[in-house]
$ cat target.tsv   # TSV, C-alpha atoms
chain	number	residue	atom	x	y	z
A	1	MET	CA	0.00	0.00	0.00
A	2	GLY	CA	1.28	3.45	-0.80
A	3	TRP	CA	0.35	6.92	-1.90
A	4	THR	CA	1.25	8.81	-5.06
A	5	ILE	CA	2.78	12.27	-4.89
A	6	GLN	CA	-0.65	13.75	-5.69
A	7	GLN	CA	-2.30	11.80	-2.86
A	8	VAL	CA	0.44	12.83	-0.40
A	9	THR	CA	-0.03	16.45	-1.47
A	10	GLU	CA	-3.76	16.17	-0.72
A	11	LYS	CA	-3.13	14.28	2.54
A	12	THR	CA	-0.41	16.59	3.93
A	13	GLY	CA	-0.82	19.92	2.18
A	14	ILE	CA	2.83	19.76	1.06
A	15	SER	CA	3.27	20.82	-2.55
A	16	ALA	CA	4.47	18.31	-5.13
A	17	ASP	CA	7.56	20.46	-5.76
A	18	ALA	CA	8.41	20.41	-2.04
A	19	LEU	CA	7.94	16.62	-1.92
A	20	ARG	CA	10.31	16.20	-4.86
A	21	TYR	CA	12.81	18.52	-3.17
A	22	TYR	CA	12.64	16.60	0.13
A	23	ASP	CA	13.22	13.39	-1.83
A	24	LYS	CA	16.19	14.94	-3.65
A	25	GLU	CA	17.65	16.12	-0.31
A	26	GLY	CA	17.24	12.65	1.21
A	27	LEU	CA	14.72	13.70	3.86
A	28	VAL	CA	12.23	11.11	2.59
A	29	SER	CA	12.87	8.10	0.41
A	30	PRO	CA	9.72	7.00	-1.38
A	31	THR	CA	9.95	3.84	-3.42
A	32	ARG	CA	9.71	4.07	-7.19
A	33	ARG	CA	7.25	2.26	-9.37
A	34	GLY	CA	8.47	0.68	-12.59
A	35	THR	CA	7.39	3.88	-14.31
A	36	GLY	CA	9.64	5.95	-12.03
A	37	TYR	CA	6.72	7.52	-10.14
A	38	ARG	CA	7.19	7.95	-6.40
A	39	LEU	CA	5.16	5.81	-4.01
A	40	TYR	CA	5.06	6.99	-0.38
A	41	ASN	CA	4.50	4.62	2.53
A	42	GLU	CA	3.43	5.25	6.14
A	43	THR	CA	7.06	5.78	7.25
A	44	ASP	CA	7.46	8.48	4.59
A	45	ILE	CA	4.27	10.18	5.80
A	46	GLU	CA	5.56	10.14	9.40
A	47	SER	CA	8.90	11.58	8.22
A	48	LEU	CA	7.06	14.35	6.38
A	49	LYS	CA	4.97	15.15	9.47
A	50	ASN	CA	8.16	15.32	11.54
A	51	LEU	CA	9.76	17.59	8.93
A	52	ILE	CA	6.78	19.97	8.92
A	53	VAL	CA	6.76	20.19	12.72
A	54	MET	CA	10.50	20.86	12.74
A	55	LYS	CA	10.15	23.54	10.05
A	56	TYR	CA	7.39	25.16	12.09
A	57	ALA	CA	9.72	25.09	15.11
A	58	ARG	CA	12.27	27.05	13.05
A	59	PHE	CA	14.68	24.19	12.45
A	60	THR	CA	16.82	24.87	9.40
A	61	LEU	CA	17.14	22.34	6.60
A	62	SER	CA	20.65	21.57	7.81
A	63	GLU	CA	19.40	20.96	11.36
A	64	ILE	CA	16.57	18.73	10.13
A	65	LYS	CA	18.99	16.68	8.03
A	66	GLN	CA	21.39	16.37	10.95
A	67	MET	CA	18.62	15.31	13.36
A	68	GLU	CA	17.33	12.73	10.85
A	69	LYS	CA	20.87	11.41	10.48
A	70	LEU	CA	21.30	11.23	14.26
A	71	ILE	CA	17.98	9.40	14.69
A	72	SER	CA	19.07	6.71	12.25
A	73	GLN	CA	22.45	6.15	13.98
A	74	ALA	CA	23.24	3.86	16.87
A	75	PRO	CA	23.26	5.76	20.17
A	76	SER	CA	26.66	7.21	21.09
A	77	SER	CA	28.11	9.99	23.19
A	78	ASP	CA	28.91	12.00	20.01
A	79	CYS	CA	25.35	11.53	18.79
A	80	ASN	CA	23.98	12.65	22.16
A	81	GLU	CA	26.31	15.67	22.31
A	82	ILE	CA	25.39	16.88	18.83
A	83	SER	CA	21.65	16.37	19.31
A	84	ARG	CA	21.74	18.12	22.70
A	85	CYS	CA	23.58	21.05	21.11
A	86	ILE	CA	21.04	21.38	18.29
A	87	LEU	CA	18.03	20.98	20.58
A	88	SER	CA	19.36	23.27	23.31
A	89	SER	CA	20.06	25.99	20.75
A	90	LYS	CA	16.55	25.56	19.39
A	91	VAL	CA	14.99	25.89	22.85
A	92	ILE	CA	16.88	29.15	23.42
A	93	GLU	CA	15.85	30.44	19.99
A	94	LEU	CA	12.18	29.54	20.53
A	95	ARG	CA	12.09	31.07	24.03
A	96	GLN	CA	13.44	34.31	22.54
A	97	ALA	CA	10.80	34.20	19.80
A	98	VAL	CA	8.05	33.66	22.40
A	99	ALA	CA	9.33	36.64	24.42
A	100	THR	CA	9.35	38.77	21.28
A	101	TYR	CA	5.81	37.69	20.36
A	102	GLN	CA	4.65	38.51	23.89
A	103	LYS	CA	6.02	42.04	23.47
A	104	ILE	CA	4.30	42.32	20.10
A	105	ILE	CA	1.00	41.23	21.69
A	106	ALA	CA	1.43	43.88	24.42
A	107	TRP	CA	2.08	46.51	21.74
A	108	ILE	CA	-0.98	45.44	19.73
A	109	GLU	CA	-3.16	45.50	22.85
A	110	LYS	CA	-1.96	49.03	23.60
A	111	VAL	CA	-2.75	50.09	20.02
A	112	LEU	CA	-6.21	48.51	20.34
A	113	LEU	CA	-6.90	50.65	23.42
A	114	ILE	CA	-5.86	53.71	21.43
A	115	SER	CA	-8.02	52.74	18.47
A	116	ASP	CA	-11.16	52.43	20.59
A	117	GLY	CA	-10.57	55.87	22.13
A	118	THR	CA	-9.87	54.58	25.65
A	119	VAL	CA	-6.29	55.87	25.63
A	120	SER	CA	-4.77	58.88	23.88
A	121	TYR	CA	-2.17	58.21	21.19
A	122	GLN	CA	-0.30	61.42	21.99
A	123	ALA	CA	-0.03	60.47	25.65
A	124	ASN	CA	1.39	57.04	24.77
A	125	SER	CA	3.29	57.60	21.51
A	126	GLU	CA	6.68	57.65	23.23
A	127	GLN	CA	5.98	54.35	25.01
A	128	LEU	CA	4.71	52.79	21.78
A	129	ASN	CA	7.86	53.91	19.95
A	130	VAL	CA	10.01	52.36	22.71
A	131	PHE	CA	8.05	49.09	22.27
A	132	ILE	CA	8.69	49.16	18.53
A	133	ASP	CA	12.39	49.93	19.00
A	134	GLU	CA	12.79	47.02	21.46
A	135	ILE	CA	10.95	44.59	19.21
A	136	TYR	CA	12.91	45.76	16.18
A	137	GLU	CA	16.24	45.21	17.98
A	138	GLU	CA	15.18	41.71	19.07
A	139	ILE	CA	14.16	40.80	15.53
A	140	GLN	CA	17.51	42.05	14.22
A	141	LYS	CA	19.35	39.90	16.80
A	142	GLU	CA	17.39	36.85	15.63
A	143	LYS	CA	18.66	37.42	12.08
A	144	LEU	CA	22.31	37.18	13.13
A	145	PRO	CA	23.88	33.78	12.44
A	146	SER	CA	24.39	31.64	15.52
A	147	VAL	CA	27.79	30.44	16.52
A	148	VAL	CA	28.25	26.70	16.92
A	149	SER	CA	31.33	25.14	18.40
A	150	PRO	CA	33.72	24.11	15.57
A	151	SER	CA	33.96	20.67	17.18
A	152	LEU	CA	30.24	20.16	16.59
A	153	THR	CA	30.09	20.07	12.83
A	154	ALA	CA	27.61	18.19	10.69
A	155	ASN	CA	30.30	15.79	9.47
A	156	LYS	CA	33.24	15.18	11.76
A	157	GLY	CA	36.40	16.31	10.00
A	158	THR	CA	34.63	18.83	7.74
A	159	SER	CA	33.89	22.48	8.15
A	160	GLU	CA	30.18	22.11	7.30
A	161	PRO	CA	28.31	23.80	10.19
A	162	LEU	CA	25.31	22.30	11.92
A	163	ARG	CA	23.32	25.52	11.60
A	164	ASP	CA	22.57	26.93	8.16
A	165	LYS	CA	20.71	30.20	8.68
A	166	GLY	CA	20.45	30.72	4.93
A	167	TRP	CA	17.49	28.36	4.50
A	168	ALA	CA	14.09	30.03	4.68
A	169	ILE	CA	11.26	28.23	6.42
$ encode --input "target.tsv" --output "structure tokens"
Amino acid sequence: MGWTIQQVTEKTGISADALRYYDKEGLVSPTRRGTGYRLYNETDIESLKNLIVMKYARFTLSEIKQMEKLISQAPSSDCNEISRCILSSKVIELRQAVATYQKIIAWIEKVLLISDGTVSYQANSEQLNVFIDEIYEEIQKEKLPSVVSPSLTANKGTSEPLRDKGWAI
């Protein structure tokens, strides 16, 4: 039993182009029919669900590939060290994003009070501008590439970093 690329697109909401790309990148490995068409099984669907959740959690393509590689390896101290590094960095990144979103919510709530006439814009414009400046600075910090220990590279003995901030989610 398996699903065609069209059926997987309907089932998951992932575009056919994205499915082909994930196959090309080795993130899923659907079997091929004699005609060359991809046939996805339940394991492929679970891998795609995992990939979508990780993308939503701001994992980069490089991080997703590395985590998939680590999952398929036998447990080891190196494997544990690398996965802890990736996951710990992600927790820090997500906590910062949550804090930034909380500030944005506070700003929006303040603007809502102004828009319904409860609070004067003039009386609060300076505070609103400070909110915007703080949020802007936090967003700019998030755009800076993270630094990962050179000893924790994607492939031991190479300079390929674990974190690739160039991939857009």
$ atom_distance --input "target.tsv" --atom1 "atom CA of A:Tyr37" --atom2 "atom CA of A:Thr4"
7.6 Å
$ closest_residue --input "target.tsv" --among "A:Ala57, A:Ile5, A:Ala18, A:Ala123" --to "A:Thr31" --atoms "all atoms listed in the file"
A:Ile5
$ residues_around --input "target.tsv" --residues "stretch 128-137 of chain A" --least-positions-apart "2" --cutoff "9 Å" --atoms "all atoms listed in the file" --output "ChimeraX atom specification"
/A:100-101,103-104,106-107,110-111,121,124-126,139-142
$ closest_residue --input "target.tsv" --among "A:Glu138, A:Leu94, A:Arg33, A:Leu39" --to "A:Arg20" --atoms "all atoms listed in the file"
A:Leu39
$ closest_atom_pairs --input "target.tsv" --of "stretch 55-143 of chain A" --to "stretch 44-48 of chain A" --cutoff "12 Å" --atoms "all atoms listed in the file" --output "JSON lines"
{"residue": "A:Lys55", "atom": "CA", "partner": "A:Leu48", "partner_atom": "CA", "distance": 10.4}
{"residue": "A:Ile64", "atom": "CA", "partner": "A:Ser47", "partner_atom": "CA", "distance": 10.7}
{"residue": "A:Lys65", "atom": "CA", "partner": "A:Ser47", "partner_atom": "CA", "distance": 11.3}
{"residue": "A:Met67", "atom": "CA", "partner": "A:Ser47", "partner_atom": "CA", "distance": 11.6}
{"residue": "A:Glu68", "atom": "CA", "partner": "A:Ser47", "partner_atom": "CA", "distance": 8.9}
{"residue": "A:Ile71", "atom": "CA", "partner": "A:Ser47", "partner_atom": "CA", "distance": 11.4}
{"residue": "A:Ser72", "atom": "CA", "partner": "A:Ser47", "partner_atom": "CA", "distance": 12.0}
$ atom_distance --input "target.tsv" --atom1 "atom CA of A:Lys11" --atom2 "atom CA of A:Ile52"
13.1 Å
$ closest_residue --input "target.tsv" --among "A:Met1, A:Thr35, A:Lys49, A:Asn80" --to "A:Leu19" --atoms "all atoms listed in the file"
A:Lys49
$ atom_distance --input "target.tsv" --atom1 "atom CA of A:Lys90" --atom2 "atom CA of A:Ser77"
19.8 Å
$ closest_residue --input "target.tsv" --among "A:Gln73, A:Tyr40, A:Asp78, A:Gln7" --to "A:Asp23" --atoms "only C-alpha atoms"
A:Tyr40
$ closest_residue --input "target.tsv" --among "A:Gln102, A:Trp3, A:Glu25, A:Asp17" --to "A:Thr43" --atoms "all atoms listed in the file"
A:Trp3
$ closest_residue --input "target.tsv" --among "A:Ser83, A:Ser88, A:Gln6, A:Gln122" --to "A:Arg38" --atoms "all atoms listed in the file"
A:Gln6
$ build_atoms --input "target.tsv" --residues "stretch 69-81 of chain A" --atoms "N, CA and C atoms" --output "short mmCIF file (atom, residue, chain, number, x, y, z; two decimals), in the coordinates of the input"
data_model
loop_
_atom_site.label_atom_id
_atom_site.label_comp_id
_atom_site.auth_asym_id
_atom_site.auth_seq_id
_atom_site.Cartn_x
_atom_site.Cartn_y
_atom_site.Cartn_z
N LYS A 69 19.69 12.26 10.52
CA LYS A 69 20.87 11.41 10.48
C LYS A 69 21.16 10.84 11.87
N LEU A 70 21.03 11.68 12.89
CA LEU A 70 21.30 11.23 14.26
C LEU A 70 20.29 10.17 14.71
N ILE A 71 19.03 10.35 14.32
CA ILE A 71 17.98 9.40 14.69
C ILE A 71 18.27 8.02 14.11
N SER A 72 18.83 8.00 12.92
CA SER A 72 19.07 6.71 12.25
C SER A 72 20.36 6.03 12.72
N GLN A 73 21.19 6.73 13.51
CA GLN A 73 22.45 6.15 13.98
C GLN A 73 22.25 5.39 15.29
N ALA A 74 23.22 4.54 15.56
CA ALA A 74 23.24 3.86 16.87
C ALA A 74 23.57 4.91 17.93
N PRO A 75 22.97 4.80 19.11
CA PRO A 75 23.26 5.76 20.17
C PRO A 75 24.76 5.80 20.49
N SER A 76 25.26 7.02 20.70
CA SER A 76 26.66 7.21 21.09
C SER A 76 26.79 8.53 21.82
N SER A 77 27.92 8.73 22.48
CA SER A 77 28.11 9.99 23.19
C SER A 77 28.21 11.16 22.20
N ASP A 78 28.85 10.94 21.03
CA ASP A 78 28.91 12.00 20.01
C ASP A 78 27.51 12.35 19.52
N CYS A 79 26.72 11.33 19.26
CA CYS A 79 25.35 11.53 18.79
C CYS A 79 24.56 12.33 19.83
N ASN A 80 24.69 11.95 21.09
CA ASN A 80 23.98 12.65 22.16
C ASN A 80 24.45 14.10 22.28
N GLU A 81 25.75 14.32 22.18
CA GLU A 81 26.31 15.67 22.31
C GLU A 81 25.81 16.58 21.19
#
